[in-house]
$ cat upload_28.txt   # compact mmCIF, C-alpha atoms
# COMPACT_ATOMS: atom_id res chain seq x y z
CA MET A 277 49.28 13.30 -14.38
CA GLY A 278 50.55 15.51 -11.63
CA MET A 279 51.69 14.89 -8.13
CA PHE A 280 48.54 16.55 -6.70
CA ASP A 281 46.12 14.25 -8.54
CA PRO A 282 45.65 11.91 -5.58
CA ILE A 283 44.69 14.89 -3.41
CA LYS A 284 42.25 16.27 -5.99
CA GLY A 285 39.88 13.47 -5.14
CA PHE A 286 39.74 14.59 -1.53
CA GLY A 287 38.96 18.06 -2.84
CA VAL A 288 35.74 16.71 -4.36
CA THR A 289 34.82 15.05 -1.09
CA PHE A 290 35.58 18.21 0.83
CA SER A 291 33.58 20.51 -1.42
CA THR A 292 30.56 18.17 -1.17
CA MET A 293 30.36 19.03 2.52
CA PHE A 294 29.14 22.51 1.58
CA LYS A 295 26.51 21.34 -0.89
CA LYS A 296 22.85 21.04 -0.10
CA VAL A 297 21.82 17.56 1.09
CA VAL A 298 19.55 15.87 -1.43
CA THR A 299 18.19 13.20 0.90
CA GLU A 300 14.45 13.27 1.48
CA GLN A 301 13.69 12.42 5.10
CA TYR A 302 10.70 10.39 4.00
CA PRO A 303 8.82 9.01 6.97
CA GLU A 304 9.36 12.14 9.04
CA GLU A 305 8.90 14.66 6.25
CA PHE A 306 6.31 14.03 3.60
CA HIS A 307 6.79 15.40 0.12
CA PRO A 308 3.61 15.33 -1.94
CA THR A 309 3.65 13.52 -5.25
CA ALA A 310 2.86 15.12 -8.57
CA PRO A 311 -0.86 15.96 -8.51
CA ARG A 312 -1.70 13.42 -11.21
CA TYR A 313 0.32 10.58 -9.72
CA ARG A 314 -1.72 7.39 -9.91
CA ALA A 315 -1.65 5.46 -6.68
CA ARG A 316 -5.00 4.34 -5.30
CA HIS A 317 -8.52 4.44 -6.69
CA GLN A 318 -11.51 6.30 -5.44
CA LEU A 319 -15.18 5.86 -6.31
CA ASN A 320 -16.72 9.29 -6.53
CA ARG A 321 -20.14 10.56 -5.60
CA HIS A 322 -22.67 12.96 -7.06
CA PRO A 323 -23.09 16.24 -5.14
CA ASP A 324 -26.01 14.78 -3.17
CA GLY A 325 -24.08 11.66 -2.12
CA LEU A 326 -25.44 9.17 -4.66
CA GLU A 327 -22.78 6.99 -6.24
CA LYS A 328 -21.53 7.74 -9.71
CA CYS A 329 -20.73 4.11 -10.45
CA VAL A 330 -23.34 2.46 -12.66
CA GLY A 331 -21.84 -1.02 -12.52
CA CYS A 332 -21.08 -1.21 -16.24
CA GLU A 333 -17.86 -3.22 -15.72
CA LEU A 334 -15.99 -1.25 -18.39
CA CYS A 335 -13.16 -0.72 -15.91
CA ALA A 336 -12.89 -4.45 -15.34
CA TRP A 337 -12.80 -5.03 -19.07
CA ALA A 338 -10.15 -2.39 -19.59
CA CYS A 339 -7.90 -3.71 -16.84
CA PRO A 340 -4.84 -5.42 -18.35
CA ALA A 341 -3.99 -7.12 -15.07
CA ASP A 342 -7.50 -8.37 -14.30
CA ALA A 343 -7.43 -6.59 -10.95
CA ILE A 344 -11.00 -5.27 -10.87
CA PHE A 345 -14.13 -7.17 -10.04
CA VAL A 346 -17.51 -5.49 -10.47
CA GLU A 347 -20.98 -6.78 -9.97
CA GLY A 348 -23.85 -4.51 -10.95
CA GLY A 349 -27.21 -4.37 -9.22
CA ASP A 350 -30.61 -2.86 -9.97
CA ASN A 351 -31.72 0.33 -8.30
CA THR A 352 -35.28 0.40 -7.02
CA GLU A 353 -37.32 3.41 -5.98
CA GLU A 354 -37.10 2.28 -2.35
CA GLU A 355 -33.39 1.54 -2.43
CA ARG A 356 -31.47 3.86 -4.67
CA TYR A 357 -27.67 4.04 -4.71
CA SER A 358 -27.09 5.88 -7.97
CA PRO A 359 -29.25 7.88 -10.38
CA GLY A 360 -30.53 5.69 -13.21
CA GLU A 361 -31.17 1.98 -13.41
CA ARG A 362 -28.00 0.28 -12.25
CA TYR A 363 -25.37 0.71 -9.58
CA GLY A 364 -22.17 -1.06 -8.60
CA LYS A 365 -23.33 -3.58 -6.03
CA ASP A 366 -19.98 -5.15 -5.40
CA TYR A 367 -16.72 -3.50 -6.31
CA GLN A 368 -13.29 -4.88 -5.57
CA ILE A 369 -9.82 -3.89 -6.66
CA ASN A 370 -6.94 -6.23 -5.96
CA TYR A 371 -3.94 -4.03 -5.28
CA LEU A 372 -1.64 -7.01 -5.59
CA ARG A 373 -2.54 -7.02 -9.29
CA CYS A 374 -3.20 -3.36 -10.04
CA ILE A 375 -0.34 -1.81 -11.98
CA GLY A 376 -1.69 1.73 -11.75
CA CYS A 377 -1.88 2.22 -15.51
CA GLY A 378 -5.08 4.25 -15.32
CA LEU A 379 -6.85 2.49 -18.19
CA CYS A 380 -9.82 1.88 -15.89
CA VAL A 381 -10.07 5.60 -15.22
CA GLU A 382 -10.05 6.26 -18.96
CA ALA A 383 -12.71 3.63 -19.52
CA CYS A 384 -15.10 4.92 -16.86
CA PRO A 385 -18.05 6.58 -18.64
CA THR A 386 -19.37 8.45 -15.60
CA ARG A 387 -16.09 9.67 -14.12
CA SER A 388 -16.89 7.52 -11.13
CA LEU A 389 -13.48 5.90 -10.90
CA THR A 390 -10.54 8.22 -10.42
CA MET A 391 -7.21 7.87 -8.71
CA ILE A 392 -5.80 9.66 -5.69
CA ASN A 393 -2.23 10.15 -4.53
CA PHE A 394 -2.25 8.02 -1.42
CA TYR A 395 0.38 5.32 -1.91
CA GLU A 396 1.32 3.82 1.46
CA LEU A 397 -0.49 0.56 0.81
CA ALA A 398 1.95 -2.10 2.01
CA ASP A 399 0.45 -4.74 4.26
CA ASP A 400 1.28 -8.16 5.63
CA ASP A 401 -2.05 -9.68 4.69
CA ARG A 402 -2.99 -10.44 1.11
CA ARG A 403 -6.67 -10.19 1.91
CA LYS A 404 -6.33 -6.64 3.20
CA LEU A 405 -4.96 -5.58 -0.14
CA ILE A 406 -8.17 -6.46 -1.92
CA TYR A 407 -10.04 -3.21 -1.46
CA THR A 408 -13.79 -3.49 -1.27
CA LYS A 409 -16.37 -0.89 -2.18
CA GLU A 410 -16.46 0.56 1.35
CA ASP A 411 -12.70 1.16 1.23
CA LEU A 412 -12.80 2.77 -2.18
CA MET A 413 -15.84 5.04 -1.78
CA ALA A 414 -15.05 8.75 -1.54
CA PRO A 415 -15.76 10.30 1.86
CA LEU A 416 -19.05 12.13 2.33
CA LEU A 417 -18.52 15.84 1.89
CA PRO A 418 -20.77 18.46 3.53
CA GLY A 419 -24.21 18.37 1.88
CA MET A 420 -23.84 14.72 0.92
CA GLU A 421 -26.03 11.99 2.25
CA GLU A 422 -25.16 8.32 2.56
CA PRO A 423 -27.11 6.30 -0.03
CA PRO A 424 -29.61 4.68 -0.40
CA HIS A 425 -31.81 7.72 -0.83
CA PRO A 426 -33.99 9.13 -3.65
CA MET A 427 -32.60 11.46 -6.31
CA ARG A 428 -32.29 14.93 -4.85
CA LEU A 429 -30.90 16.85 -7.81
CA GLY A 430 -33.43 16.01 -10.51
CA ASP A 431 -36.04 13.62 -11.79
CA ASP A 432 -33.84 11.25 -13.77
CA GLU A 433 -30.19 10.49 -14.39
CA GLN A 434 -30.07 12.84 -17.38
CA ASP A 435 -30.51 15.75 -15.01
CA TYR A 436 -27.56 14.51 -13.00
CA TYR A 437 -25.25 14.29 -15.97
CA THR A 438 -26.30 17.41 -17.88
CA TYR A 439 -27.26 19.81 -15.11
CA GLY A 440 -25.65 18.14 -12.08
CA PRO A 441 -23.16 20.84 -11.14
CA GLU A 442 -25.66 23.64 -11.90
CA LEU A 443 -28.43 22.01 -9.90
CA GLU A 444 -26.09 21.54 -7.02
CA ARG A 445 -25.18 25.20 -7.12
CA ASP A 446 -28.88 26.15 -7.18
CA ARG A 447 -29.62 23.81 -4.34
CA SER A 448 -26.84 25.07 -2.14
CA GLY A 449 -27.95 28.64 -2.99
CA LYS A 450 -31.44 27.79 -1.78
CA ASP A 451 -30.03 26.25 1.37
CA GLU A 452 -28.16 29.42 2.11
CA GLU A 453 -31.30 31.48 1.54
CA ALA A 454 -33.22 29.21 3.85
CA LEU A 455 -30.55 29.61 6.48
CA GLN A 456 -30.69 33.34 6.22
CA MET B 88 13.96 -18.67 15.77
CA GLY B 89 17.56 -19.39 16.64
CA LEU B 90 19.49 -19.58 19.85
CA GLU B 91 16.57 -18.59 22.06
CA GLU B 92 14.67 -21.77 21.20
CA LYS B 93 17.37 -23.89 22.75
CA LEU B 94 17.44 -21.96 26.01
CA PRO B 95 15.40 -23.35 28.89
CA SER B 96 12.09 -21.61 29.33
CA GLY B 97 11.93 -18.78 31.81
CA ILE B 98 15.39 -17.43 31.06
CA MET B 99 14.34 -15.07 28.34
CA LEU B 100 12.66 -11.96 29.64
CA ALA B 101 10.38 -9.58 27.84
CA SER B 102 12.96 -6.82 27.91
CA VAL B 103 15.54 -9.11 26.34
CA GLU B 104 13.04 -9.79 23.63
CA LYS B 105 12.61 -6.07 23.11
CA LEU B 106 16.35 -5.51 22.96
CA ALA B 107 16.89 -8.35 20.50
CA ASN B 108 14.05 -7.15 18.29
CA TRP B 109 15.27 -3.59 18.41
CA SER B 110 18.77 -4.57 17.37
CA ARG B 111 17.40 -6.80 14.62
CA GLN B 112 15.21 -4.10 13.17
CA SER B 113 17.88 -1.41 13.42
CA SER B 114 20.33 -3.19 11.18
CA LEU B 115 18.37 -5.24 8.73
CA TRP B 116 20.66 -6.14 5.87
CA PRO B 117 18.92 -6.90 2.62
CA ALA B 118 20.09 -9.55 0.21
CA THR B 119 20.56 -8.39 -3.36
CA PHE B 120 17.67 -9.94 -5.20
CA GLY B 121 16.64 -7.59 -7.95
CA LEU B 122 14.84 -9.41 -10.75
CA ALA B 123 13.28 -6.72 -12.92
CA CYS B 124 12.26 -3.08 -13.06
CA CYS B 125 11.45 -2.95 -9.32
CA ALA B 126 15.16 -3.43 -8.70
CA ILE B 127 15.79 -0.02 -10.25
CA GLU B 128 13.53 1.55 -7.63
CA MET B 129 15.24 -0.58 -4.97
CA MET B 130 18.62 0.78 -6.07
CA THR B 131 17.24 4.32 -5.97
CA THR B 132 16.09 3.66 -2.43
CA GLY B 133 19.63 2.68 -1.53
CA GLY B 134 21.02 5.78 -3.26
CA PRO B 135 21.60 9.22 -1.76
CA ARG B 136 18.16 10.70 -2.38
CA TYR B 137 16.20 8.19 -0.30
CA ASP B 138 19.17 6.77 1.57
CA LEU B 139 18.29 3.46 3.18
CA SER B 140 21.36 3.81 5.38
CA ARG B 141 19.25 6.09 7.58
CA PHE B 142 17.75 2.82 8.81
CA GLY B 143 21.00 0.88 8.88
CA MET B 144 20.14 -0.95 5.69
CA GLU B 145 22.56 0.41 3.11
CA VAL B 146 24.58 -2.79 2.72
CA PHE B 147 22.90 -4.89 0.09
CA ARG B 148 24.74 -8.14 0.66
CA ALA B 149 25.69 -10.24 -2.31
CA SER B 150 26.00 -13.28 -0.05
CA PRO B 151 22.74 -14.57 1.41
CA ARG B 152 24.58 -15.80 4.49
CA GLN B 153 25.08 -12.22 5.62
CA ALA B 154 21.58 -11.00 4.87
CA ASP B 155 18.45 -10.83 7.04
CA LEU B 156 15.92 -9.56 4.56
CA MET B 157 15.19 -10.68 1.04
CA ILE B 158 13.54 -7.97 -1.05
CA VAL B 159 12.10 -9.89 -3.98
CA ALA B 160 12.03 -7.07 -6.49
CA GLY B 161 10.43 -8.04 -9.75
CA ARG B 162 8.71 -10.89 -11.51
CA VAL B 163 9.78 -14.37 -10.51
CA SER B 164 9.85 -16.75 -13.44
CA GLN B 165 9.29 -20.46 -12.99
CA LYS B 166 12.95 -20.96 -13.81
CA MET B 167 14.05 -18.48 -11.15
CA ALA B 168 11.85 -19.95 -8.41
CA PRO B 169 14.24 -22.74 -7.32
CA VAL B 170 17.13 -20.26 -7.29
CA LEU B 171 15.09 -17.90 -5.12
CA ARG B 172 14.23 -20.72 -2.75
CA GLN B 173 17.90 -21.69 -2.50
CA ILE B 174 18.93 -18.13 -1.70
CA TYR B 175 16.22 -18.03 0.96
CA ASP B 176 17.38 -21.34 2.45
CA GLN B 177 20.94 -20.11 2.56
CA MET B 178 20.03 -17.01 4.54
CA SER B 179 20.65 -17.35 8.25
CA GLU B 180 17.81 -17.18 10.75
CA PRO B 181 16.08 -14.92 11.61
CA LYS B 182 15.08 -13.89 8.09
CA TRP B 183 12.31 -11.95 6.47
CA VAL B 184 10.94 -11.61 2.98
CA LEU B 185 9.51 -8.48 1.44
CA SER B 186 7.63 -9.01 -1.79
CA MET B 187 8.15 -5.81 -3.72
CA GLY B 188 5.80 -4.86 -6.53
CA VAL B 189 2.72 -6.54 -7.92
CA CYS B 190 4.64 -9.09 -10.00
CA ALA B 191 6.40 -10.56 -7.01
CA SER B 192 3.26 -10.35 -4.89
CA SER B 193 0.80 -11.99 -7.26
CA GLY B 194 2.18 -12.16 -10.77
CA GLY B 195 0.69 -8.78 -11.56
CA MET B 196 -0.26 -8.33 -15.18
CA PHE B 197 1.83 -11.34 -16.20
CA ASN B 198 -0.79 -13.99 -15.70
CA ASN B 199 0.91 -16.61 -17.85
CA TYR B 200 2.79 -19.89 -17.75
CA ALA B 201 6.21 -18.36 -17.30
CA ILE B 202 5.69 -16.33 -14.15
CA VAL B 203 5.13 -17.58 -10.61
CA GLN B 204 1.79 -16.15 -9.49
CA GLY B 205 3.04 -14.68 -6.25
CA VAL B 206 6.35 -15.36 -4.59
CA ASP B 207 4.52 -16.73 -1.56
CA HIS B 208 4.17 -19.96 -3.52
CA VAL B 209 7.90 -20.39 -2.98
CA VAL B 210 8.87 -18.60 0.25
CA PRO B 211 6.90 -17.21 3.21
CA VAL B 212 6.31 -13.49 2.72
CA ASP B 213 6.22 -11.02 5.63
CA MET B 214 5.23 -7.87 3.78
CA TYR B 215 3.44 -7.30 0.50
CA LEU B 216 4.13 -4.09 -1.33
CA PRO B 217 1.84 -3.25 -4.26
CA GLY B 218 2.78 -0.85 -7.04
CA CYS B 219 4.22 -1.19 -10.50
CA PRO B 220 6.90 -0.35 -9.67
CA PRO B 221 6.44 1.02 -6.16
CA ARG B 222 8.12 4.37 -5.68
CA PRO B 223 11.05 4.49 -3.26
CA GLU B 224 8.83 6.01 -0.58
CA MET B 225 6.53 3.02 -0.87
CA LEU B 226 9.46 0.66 -0.35
CA ILE B 227 10.59 2.66 2.68
CA ASP B 228 7.02 2.58 3.97
CA ALA B 229 6.93 -1.21 3.59
CA ILE B 230 10.28 -1.49 5.33
CA MET B 231 9.09 0.70 8.21
CA LYS B 232 6.02 -1.50 8.57
CA LEU B 233 8.25 -4.56 8.55
CA HIS B 234 10.38 -2.94 11.25
CA ALA B 235 7.24 -2.50 13.34
CA LYS B 236 6.47 -6.18 12.81
CA ILE B 237 9.97 -7.26 13.79
CA ASN B 238 9.68 -5.13 16.91
CA GLU B 239 6.65 -7.14 17.96
CA GLU B 240 8.09 -10.53 17.08
CA PRO B 241 7.78 -13.04 19.93
CA MET B 242 10.95 -14.69 21.14
CA GLY B 243 10.59 -18.43 21.38
CA PRO B 244 7.54 -20.67 21.15
CA ARG B 245 6.16 -19.78 24.57
CA ARG B 246 5.99 -16.08 23.90
CA ALA B 247 4.51 -16.84 20.50
CA GLU B 248 1.76 -18.85 22.17
CA GLU B 249 1.06 -16.04 24.62
CA LYS B 250 0.80 -13.52 21.82
CA ALA B 251 -1.39 -15.77 19.74
CA GLU B 252 -3.73 -16.26 22.71
CA ARG B 253 -4.15 -12.53 23.08
CA GLY B 254 -4.94 -12.44 19.37
CA GLU B 255 -4.07 -8.80 18.85
CA GLU B 256 -3.58 -7.55 15.36
CA LEU B 257 -0.62 -5.28 14.84
CA PRO B 258 -1.86 -1.98 13.42
CA LEU B 259 0.10 -0.80 10.41
CA PRO B 260 -0.69 2.88 9.90
CA PRO B 261 0.91 4.78 7.00
CA SER B 262 4.52 5.53 7.90
CA SER B 263 4.23 9.20 7.05
CA VAL B 264 1.58 9.47 9.77
CA LYS B 265 3.25 7.22 12.32
CA HIS B 266 6.67 8.82 12.06
CA ALA B 267 5.55 12.40 11.48
CA PRO B 268 6.80 14.87 14.08
CA LYS B 269 4.06 16.16 16.37
CA SER B 270 3.97 19.54 14.65
CA THR B 271 2.98 18.13 11.27
CA ARG B 272 1.08 15.00 12.26
CA GLU B 273 -2.35 16.61 12.27
CA ALA B 274 -1.82 18.12 8.83
CA ARG B 275 -0.65 14.80 7.41
CA LEU B 276 -3.50 12.94 9.06
CA ALA B 277 -5.98 15.21 7.31
CA GLU B 278 -4.50 14.31 3.91
CA VAL B 279 -4.66 10.56 4.39
CA PRO B 280 -7.96 8.81 3.52
CA ALA B 281 -9.81 8.10 6.74
CA ASN B 282 -10.05 4.34 6.27
CA GLU B 283 -6.29 3.99 5.91
CA VAL B 284 -5.52 5.28 9.35
CA GLU B 285 -4.96 3.10 12.37
CA GLY B 286 -8.08 2.05 14.21
CA ARG B 287 -10.13 2.26 11.06
CA ARG B 288 -8.30 -0.38 9.11
CA ARG B 289 -9.55 -1.71 5.84
CA SER B 290 -12.16 -4.38 5.84
CA THR B 291 -11.08 -7.87 4.95
CA ILE B 292 -12.93 -10.11 2.60
CA PRO B 293 -14.10 -13.22 4.45
CA LEU B 294 -11.99 -16.25 3.66
CA GLU B 295 -14.97 -18.36 2.60
CA LEU B 296 -15.86 -15.83 -0.07
CA LEU B 297 -12.39 -15.99 -1.54
CA GLU B 298 -12.42 -19.76 -1.64
CA GLU B 299 -15.76 -19.65 -3.39
CA ARG B 300 -14.32 -17.83 -6.38
$ encode --input "upload_28.txt" --output "structure tokens"
Amino acid sequence: MGMFDPIKGFGVTFSTMFKKVVTEQYPEEFHPTAPRYRARHQLNRHPDGLEKCVGCELCAWACPADAIFVEGGDNTEEERYSPGERYGKDYQINYLRCIGCGLCVEACPTRSLTMINFYELADDDRRKLIYTKEDLMAPLLPGMEEPPHPMRLGDDEQDYYTYGPELERDRSGKDEEALQ
Amino acid sequence: MGLEEKLPSGIMLASVEKLANWSRQSSLWPATFGLACCAIEMMTTGGPRYDLSRFGMEVFRASPRQADLMIVAGRVSQKMAPVLRQIYDQMSEPKWVLSMGVCASSGGMFNNYAIVQGVDHVVPVDMYLPGCPPRPEMLIDAIMKLHAKINEEPMGPRRAEEKAERGEELPLPPSSVKHAPKSTREARLAEVPANEVEGRRRSTIPLELLEER
């Protein structure tokens, strides 16, 4: 104990003035999350725009919080949403139940369901926090076509799963040739 | 809401309403109501890194009589529900409730006999914040959205009627878009999923369909 001890405390306060400020100015400045941060779901598409979801409900079964509701439907030749027999007709995720554990993503056999980093979900209406299929579908990228439409990348779903990326590359190559 | 209801009609002007709302939203004191793991994130939000005092909210009041906002952070057990209601009743008007995290909002993964399935069974909720637990940015986002709501709050029953007649829905765009400086807004807008942005708000499930289930 010395007579300067009471002043030492002020020394700490004073030296802090020259330290870098740690505060994140959140709403004004946005700092991205870690790339694999699990916030919101997305239903992905095949390269031609067909949906990857086959309506198998494995995500709903895997969900520990019972947040997912899936209803499968049958594809027909006239109305095709995904390659193969079945597609997810109705798909809902209740974000007031979802705990973001990612078990649904692990369960998904077609890599249809993944998660993105967007997290600003707060709302004043419970109903708005039940995301429907339209809200969850990935945006259409260039070269994609809004389903329903016939299979563009092969004759059956096996082509999509085994040669999908290759076929897409071939197809886009052909497109470029045609353009030239 | 309080004093303004007792005033004769025609005295309160729209600009007074704006001023009152602005002052209410600029110094919204939360009541301490941490119940579980969400409270840890709530404390982080009050700490130096996220610093709620930027919005005049750093004083988490231990007494409900001095608080305006109750952040229900965590799962509400059946045993806690009456306590929560009492705290809410003791808060002075005007008061708001923010249901933080999925457990408070709907029971989350604890769908059992011990947990209240959504705190809105007990108190009226103004803002639902999903996430388990929500990160501090998400809480700040919810608070900013609540601020926007408070800013639009009608003063007195007559104004409320007028607003209800107009039937406008308050858009709640992501805070990082709404509050972004002009130089970075475009870049941020490009990162946000299109259906989350104002004007293209999420679709709502029709009420009849929900009742059916």
$ residues_around --input "upload_28.txt" --residues "Ser358 in chain A" --least-positions-apart "2" --cutoff "7 Å" --atoms "all atoms listed in the file" --output "PyMOL selection string"
chain A and resi 326-328+330+356+360+363
$ atom_distance --input "upload_28.txt" --atom1 "CA of Cys190 in chain B" --atom2 "CA of Val206 in chain B"
8.5 Å
$ closest_residue --input "upload_28.txt" --among "A:Arg314, A:Arg387, A:Arg362, A:Arg445" --to "chain B" --atoms "all atoms listed in the file"
A:Arg314
$ closest_residue --input "upload_28.txt" --among "B:Leu233, B:Val264, B:Val103, B:Ala123" --to "Val163 in chain B" --atoms "all atoms listed in the file"
B:Ala123
$ atom_distance --input "upload_28.txt" --atom1 "CA of Pro258 in chain B" --atom2 "CA of Leu412 in chain A"
19.6 Å
$ closest_residue --input "upload_28.txt" --among "B:Met225, B:Ile230, B:Met187, B:Val170" --to "chain A" --atoms "all atoms listed in the file"
B:Met225
$ residues_around --input "upload_28.txt" --residues "range 343-349 of chain A" --least-positions-apart "2" --cutoff "6 Å" --atoms "all atoms listed in the file" --output "count of residues only"
15
$ decode --input "upload_28.txt" --residues "range 103-162 of chain B" --atoms "C-alpha atoms" --output "PDB file, in the first residue's frame"
ATOM      1  CA  VAL B 103     -45.962  16.488 -30.242  1.00  0.00           C
ATOM      2  CA  GLU B 104     -46.563  12.849 -30.957  1.00  0.00           C
ATOM      3  CA  LYS B 105     -43.342  12.729 -32.939  1.00  0.00           C
ATOM      4  CA  LEU B 106     -41.397  14.427 -30.175  1.00  0.00           C
ATOM      5  CA  ALA B 107     -42.795  12.135 -27.497  1.00  0.00           C
ATOM      6  CA  ASN B 108     -42.082   9.047 -29.577  1.00  0.00           C
ATOM      7  CA  TRP B 109     -38.599  10.231 -30.386  1.00  0.00           C
ATOM      8  CA  SER B 110     -37.765  10.827 -26.746  1.00  0.00           C
ATOM      9  CA  ARG B 111     -39.259   7.471 -25.781  1.00  0.00           C
ATOM     10  CA  GLN B 112     -37.261   5.560 -28.348  1.00  0.00           C
ATOM     11  CA  SER B 113     -34.026   7.417 -27.624  1.00  0.00           C
ATOM     12  CA  SER B 114     -33.862   6.356 -24.009  1.00  0.00           C
ATOM     13  CA  LEU B 115     -35.531   3.009 -23.710  1.00  0.00           C
ATOM     14  CA  TRP B 116     -34.457   1.468 -20.436  1.00  0.00           C
ATOM     15  CA  PRO B 117     -34.653  -2.291 -20.324  1.00  0.00           C
ATOM     16  CA  ALA B 118     -35.665  -4.219 -17.240  1.00  0.00           C
ATOM     17  CA  THR B 119     -33.274  -6.943 -16.185  1.00  0.00           C
ATOM     18  CA  PHE B 120     -35.059 -10.128 -17.090  1.00  0.00           C
ATOM     19  CA  GLY B 121     -32.482 -12.674 -18.102  1.00  0.00           C
ATOM     20  CA  LEU B 122     -33.771 -16.216 -17.665  1.00  0.00           C
ATOM     21  CA  ALA B 123     -31.300 -18.454 -19.469  1.00  0.00           C
ATOM     22  CA  CYS B 124     -28.497 -18.541 -22.017  1.00  0.00           C
ATOM     23  CA  CYS B 125     -29.974 -15.644 -24.035  1.00  0.00           C
ATOM     24  CA  ALA B 126     -29.207 -13.435 -21.055  1.00  0.00           C
ATOM     25  CA  ILE B 127     -25.499 -13.998 -21.679  1.00  0.00           C
ATOM     26  CA  GLU B 128     -25.904 -12.553 -25.165  1.00  0.00           C
ATOM     27  CA  MET B 129     -27.998  -9.733 -23.694  1.00  0.00           C
ATOM     28  CA  MET B 130     -25.175  -8.921 -21.274  1.00  0.00           C
ATOM     29  CA  THR B 131     -22.688  -8.977 -24.148  1.00  0.00           C
ATOM     30  CA  THR B 132     -24.901  -6.519 -25.979  1.00  0.00           C
ATOM     31  CA  GLY B 133     -24.724  -4.218 -22.991  1.00  0.00           C
ATOM     32  CA  GLY B 134     -20.935  -4.633 -22.795  1.00  0.00           C
ATOM     33  CA  PRO B 135     -18.273  -2.568 -24.527  1.00  0.00           C
ATOM     34  CA  ARG B 136     -18.081  -4.510 -27.787  1.00  0.00           C
ATOM     35  CA  TYR B 137     -21.692  -3.972 -28.856  1.00  0.00           C
ATOM     36  CA  ASP B 138     -22.440  -1.154 -26.442  1.00  0.00           C
ATOM     37  CA  LEU B 139     -26.169  -0.624 -26.090  1.00  0.00           C
ATOM     38  CA  SER B 140     -25.461   2.778 -24.577  1.00  0.00           C
ATOM     39  CA  ARG B 141     -25.050   4.029 -28.146  1.00  0.00           C
ATOM     40  CA  PHE B 142     -28.854   3.938 -28.183  1.00  0.00           C
ATOM     41  CA  GLY B 143     -29.320   5.244 -24.655  1.00  0.00           C
ATOM     42  CA  MET B 144     -30.126   1.803 -23.328  1.00  0.00           C
ATOM     43  CA  GLU B 145     -27.157   0.878 -21.157  1.00  0.00           C
ATOM     44  CA  VAL B 146     -29.017   1.035 -17.846  1.00  0.00           C
ATOM     45  CA  PHE B 147     -30.557  -2.345 -17.232  1.00  0.00           C
ATOM     46  CA  ARG B 148     -32.857  -1.452 -14.379  1.00  0.00           C
ATOM     47  CA  ALA B 149     -33.292  -3.887 -11.552  1.00  0.00           C
ATOM     48  CA  SER B 150     -36.560  -2.200 -10.609  1.00  0.00           C
ATOM     49  CA  PRO B 151     -39.397  -2.644 -13.087  1.00  0.00           C
ATOM     50  CA  ARG B 152     -40.823   0.728 -12.100  1.00  0.00           C
ATOM     51  CA  GLN B 153     -37.942   2.464 -13.846  1.00  0.00           C
ATOM     52  CA  ALA B 154     -37.958   0.339 -16.978  1.00  0.00           C
ATOM     53  CA  ASP B 155     -39.728   0.788 -20.323  1.00  0.00           C
ATOM     54  CA  LEU B 156     -38.741  -2.388 -22.091  1.00  0.00           C
ATOM     55  CA  MET B 157     -38.767  -5.950 -20.895  1.00  0.00           C
ATOM     56  CA  ILE B 158     -36.346  -8.163 -22.803  1.00  0.00           C
ATOM     57  CA  VAL B 159     -37.537 -11.666 -21.992  1.00  0.00           C
ATOM     58  CA  ALA B 160     -34.270 -13.487 -22.548  1.00  0.00           C
ATOM     59  CA  GLY B 161     -34.590 -17.219 -22.213  1.00  0.00           C
ATOM     60  CA  ARG B 162     -37.097 -19.961 -21.573  1.00  0.00           C
TER      61      ARG B 162
END
